[in-house]
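As structure tokens, the structure follows; a few thoughts come after it.
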Amino acid sequence: NAGVTQTPKFRILKIGQSMTLQCTQDMNHNYMYWYRQDPGMGLKLIYYSVGAGITDKGEVPNGYNVSRSTTEDFPLRLELAAPSQTSVYFCASIGGGGSPGELFFGEGSRLTVL
Amino acid sequence: GDSVTQMEGPVTLSEEAFLTINCTYTATGYPSLFWYVQYPGEGLQLLLKATKADDKGSNKGFEATYRKETTSFHLEKGSVQVSDSAVYFCALYTGGFKTIFGAGTRLFVKA
């Protein structure tokens, strides 16, 4: 049971570089999310998707882009990295059926922008 | 709008002490309520949940009861262990796409 898988786990970027954080889930969940968690803080929603081909902005979308070409994959693109994007990024999906609203999280991707 | 308020941390306890982390919510519908736990260096994982009023969620010795009259979902454990040191998040889900999280409460348990 892989659940939600994120790569890479750690990355250091220079200011102005770009990169993509990968997220894959094997639970056939329609809803997927990207959160960021700054040190000692709670979670902030960056983007979410309610199904393949449908994405929308969360609370803090600036500097990021997403796509959802398949049910399984929900990559997060950082364009022109800035020090303010230093954070831990979590991908998550929501289950349905007997457990509505339960979020399944990946292990996180720790990004440092220098 | 919907919101979740949980007690600020950090909370520091000695092993075998009683734990309460308060969580209250405001919601227009009939939310499901959750506690998630984040151990150091890891992602969040579900600790327990309750989907309707008066439901009690329980797991790993933790309990929380969905109280509609007080709009609360306080987390309790009778005897904490060092391994319970983590950050605990209260959350509500009213359907659709969005989960509302509290700010998180960091728990330190001393041996």
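For the structure tokens, the naming scheme is as follows: chains receive sequential letters (A, B, ...) according to their order of presentation, residues are indexed from 1 within each chain, and ligands are indexed from 1 in presentation order.
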
Can you list, as number ranges by chain, every protein, DNA or RNA residue that comes within 12 Å of Leu33 of chain B when you count only C-alpha atoms, leaving out same-chain residues fewer than 5 positions away? A: 99-103; B: 3-4, 23-27, 46-57, 64-68, 71-75, 89-95, 99-102

Pull N, CA and C atoms from the residues just selected and write them as a short mmCIF file (atom, residue, chain, number, x, y, z; two decimals), in the first residue's frame.
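Output (result_10.cif):
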data_model
loop_
_atom_site.label_atom_id
_atom_site.label_comp_id
_atom_site.auth_asym_id
_atom_site.auth_seq_id
_atom_site.Cartn_x
_atom_site.Cartn_y
_atom_site.Cartn_z
N SER A 99 -14.99 6.63 4.71
CA SER A 99 -14.16 7.56 5.47
C SER A 99 -14.13 8.92 4.80
N PRO A 100 -15.29 9.57 4.63
CA PRO A 100 -15.33 10.86 3.94
C PRO A 100 -14.53 11.90 4.69
N GLY A 101 -13.74 12.64 3.96
CA GLY A 101 -13.00 13.74 4.55
C GLY A 101 -11.66 13.36 5.13
N GLU A 102 -11.35 12.06 5.24
CA GLU A 102 -10.07 11.67 5.80
C GLU A 102 -8.98 11.96 4.80
N LEU A 103 -8.00 12.75 5.22
CA LEU A 103 -6.87 13.12 4.37
C LEU A 103 -5.73 12.11 4.53
N SER B 3 -14.28 27.57 10.95
CA SER B 3 -12.97 27.77 11.57
C SER B 3 -12.74 26.75 12.67
N VAL B 4 -11.47 26.59 13.01
CA VAL B 4 -11.06 25.70 14.10
C VAL B 4 -10.08 26.45 14.98
N CYS B 23 -10.01 21.87 21.54
CA CYS B 23 -10.33 22.22 20.16
C CYS B 23 -11.79 22.62 20.10
N THR B 24 -12.07 23.81 19.58
CA THR B 24 -13.43 24.23 19.33
C THR B 24 -13.57 24.63 17.87
N TYR B 25 -14.79 24.61 17.38
CA TYR B 25 -14.99 24.87 15.96
C TYR B 25 -16.23 25.71 15.73
N THR B 26 -16.28 26.34 14.59
CA THR B 26 -17.51 26.96 14.08
C THR B 26 -17.73 26.41 12.68
N ALA B 27 -18.95 26.02 12.42
CA ALA B 27 -19.26 25.45 11.11
C ALA B 27 -20.75 25.65 10.83
N LEU B 46 -3.73 10.44 10.28
CA LEU B 46 -4.96 10.46 11.04
C LEU B 46 -4.77 9.78 12.39
N LEU B 47 -5.19 10.46 13.46
CA LEU B 47 -5.16 9.87 14.78
C LEU B 47 -6.53 9.30 15.14
N LEU B 48 -7.57 10.12 14.97
CA LEU B 48 -8.92 9.65 15.23
C LEU B 48 -9.91 10.60 14.57
N LYS B 49 -11.15 10.16 14.52
CA LYS B 49 -12.17 10.98 13.85
C LYS B 49 -13.53 10.70 14.47
N ALA B 50 -14.47 11.62 14.20
CA ALA B 50 -15.86 11.45 14.59
C ALA B 50 -16.72 12.13 13.54
N THR B 51 -17.76 11.49 13.11
CA THR B 51 -18.52 12.01 11.98
C THR B 51 -19.87 12.61 12.38
N LYS B 52 -20.33 12.40 13.61
CA LYS B 52 -21.59 13.01 14.01
C LYS B 52 -21.57 13.27 15.50
N ALA B 53 -22.52 14.09 15.92
CA ALA B 53 -22.60 14.51 17.32
C ALA B 53 -22.66 13.30 18.25
N ASP B 54 -21.91 13.41 19.37
CA ASP B 54 -21.83 12.40 20.43
C ASP B 54 -20.98 11.20 20.06
N ASP B 55 -20.48 11.16 18.84
CA ASP B 55 -19.53 10.11 18.48
C ASP B 55 -18.24 10.30 19.28
N LYS B 56 -17.64 9.20 19.67
CA LYS B 56 -16.32 9.25 20.30
C LYS B 56 -15.33 8.56 19.39
N GLY B 57 -14.28 9.28 19.00
CA GLY B 57 -13.19 8.66 18.26
C GLY B 57 -12.11 8.24 19.24
N ALA B 64 -11.51 11.47 21.76
CA ALA B 64 -12.13 12.78 21.59
C ALA B 64 -13.60 12.56 21.30
N THR B 65 -14.46 13.37 21.92
CA THR B 65 -15.91 13.24 21.75
C THR B 65 -16.44 14.47 21.03
N TYR B 66 -17.23 14.24 20.02
CA TYR B 66 -17.85 15.28 19.20
C TYR B 66 -19.02 15.87 20.00
N ARG B 67 -18.82 17.10 20.51
CA ARG B 67 -19.85 17.76 21.32
C ARG B 67 -20.46 18.90 20.53
N LYS B 68 -21.66 18.69 20.05
CA LYS B 68 -22.31 19.72 19.23
C LYS B 68 -22.75 20.90 20.09
N THR B 71 -19.70 22.81 20.67
CA THR B 71 -18.87 22.87 19.44
C THR B 71 -17.42 22.58 19.77
N SER B 72 -17.19 21.43 20.39
CA SER B 72 -15.83 21.08 20.81
C SER B 72 -15.48 19.67 20.43
N PHE B 73 -14.19 19.41 20.38
CA PHE B 73 -13.67 18.08 20.05
C PHE B 73 -12.31 17.96 20.74
N HIS B 74 -12.31 17.98 22.05
CA HIS B 74 -11.07 18.00 22.83
C HIS B 74 -10.39 16.64 22.80
N LEU B 75 -9.08 16.66 22.65
CA LEU B 75 -8.28 15.44 22.62
C LEU B 75 -7.78 15.11 24.02
N PHE B 89 -3.01 18.28 15.30
CA PHE B 89 -3.86 19.20 14.55
C PHE B 89 -5.31 18.76 14.64
N CYS B 90 -6.17 19.67 15.05
CA CYS B 90 -7.60 19.46 14.98
C CYS B 90 -8.09 19.95 13.62
N ALA B 91 -9.07 19.28 13.04
CA ALA B 91 -9.52 19.67 11.70
C ALA B 91 -10.99 19.34 11.53
N LEU B 92 -11.66 20.10 10.67
CA LEU B 92 -13.04 19.81 10.34
C LEU B 92 -13.23 19.74 8.83
N TYR B 93 -14.20 18.95 8.44
CA TYR B 93 -14.51 18.74 7.03
C TYR B 93 -16.03 18.76 6.89
N THR B 94 -16.51 19.68 6.04
CA THR B 94 -17.96 19.82 5.87
C THR B 94 -18.43 19.30 4.53
N GLY B 95 -17.60 18.57 3.83
CA GLY B 95 -17.95 18.08 2.51
C GLY B 95 -17.31 18.95 1.45
N THR B 99 -10.70 21.10 3.83
CA THR B 99 -10.52 20.79 5.24
C THR B 99 -9.99 22.03 5.94
N ILE B 100 -10.55 22.35 7.09
CA ILE B 100 -10.09 23.47 7.89
C ILE B 100 -9.26 22.93 9.03
N PHE B 101 -8.01 23.40 9.13
CA PHE B 101 -7.11 22.95 10.19
C PHE B 101 -6.96 24.00 11.27
N GLY B 102 -6.79 23.53 12.50
CA GLY B 102 -6.30 24.40 13.54
C GLY B 102 -4.81 24.65 13.35
#

Find the spatial neighbours of segment 105-114 of chain A, counting only C-alpha atoms, within a cut-off of 10 Å - ignore same-chain residues fewer than 3 positions away - and output them as a ChimeraX atom specification. /A:2-17,21-25,32-37,81-94,102 /B:41-46

When DSSP works through the backbone of this structure, what residues of chain A end up as strand (DSSP E or B), shown as a PyMOL selection string? chain A and resi 4-7+10-13+19-25+32-37+43-51+54-57+64-66+73+76-78+87-94+103-105+109-113

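Between atom CA of Gly58 of chain A and atom CA of Met7 of chain B there is a distance of 24.8 Å.
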
If we count only C-alpha atoms, what is near segment 63-77 of chain A at a cut-off of 7 Å, once residues fewer than 2 positions away on the same chain are taken out, given as number ranges by chain? A: 19-26, 28, 30, 51-55, 61, 79

Can you tell me how far atom CA of Glu16 of chain B sits from atom CA of Ser58 of chain B, in Å to one decimal? 18.1 Å

With distances taken over only C-alpha atoms, which residue among B:Thr105, B:Thr12, B:Gln81, B:Asn59 lies nearest chain A? B:Thr105

Identify which of the residues B:Glu76, B:Glu15, B:Asp2, B:Glu8 lies closest to Thr28 of chain B, counting only C-alpha atoms when measuring atom-to-atom distances.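 When distances to Thr28 of chain B are compared using only C-alpha atoms, the smallest one comes from B:Asp2.
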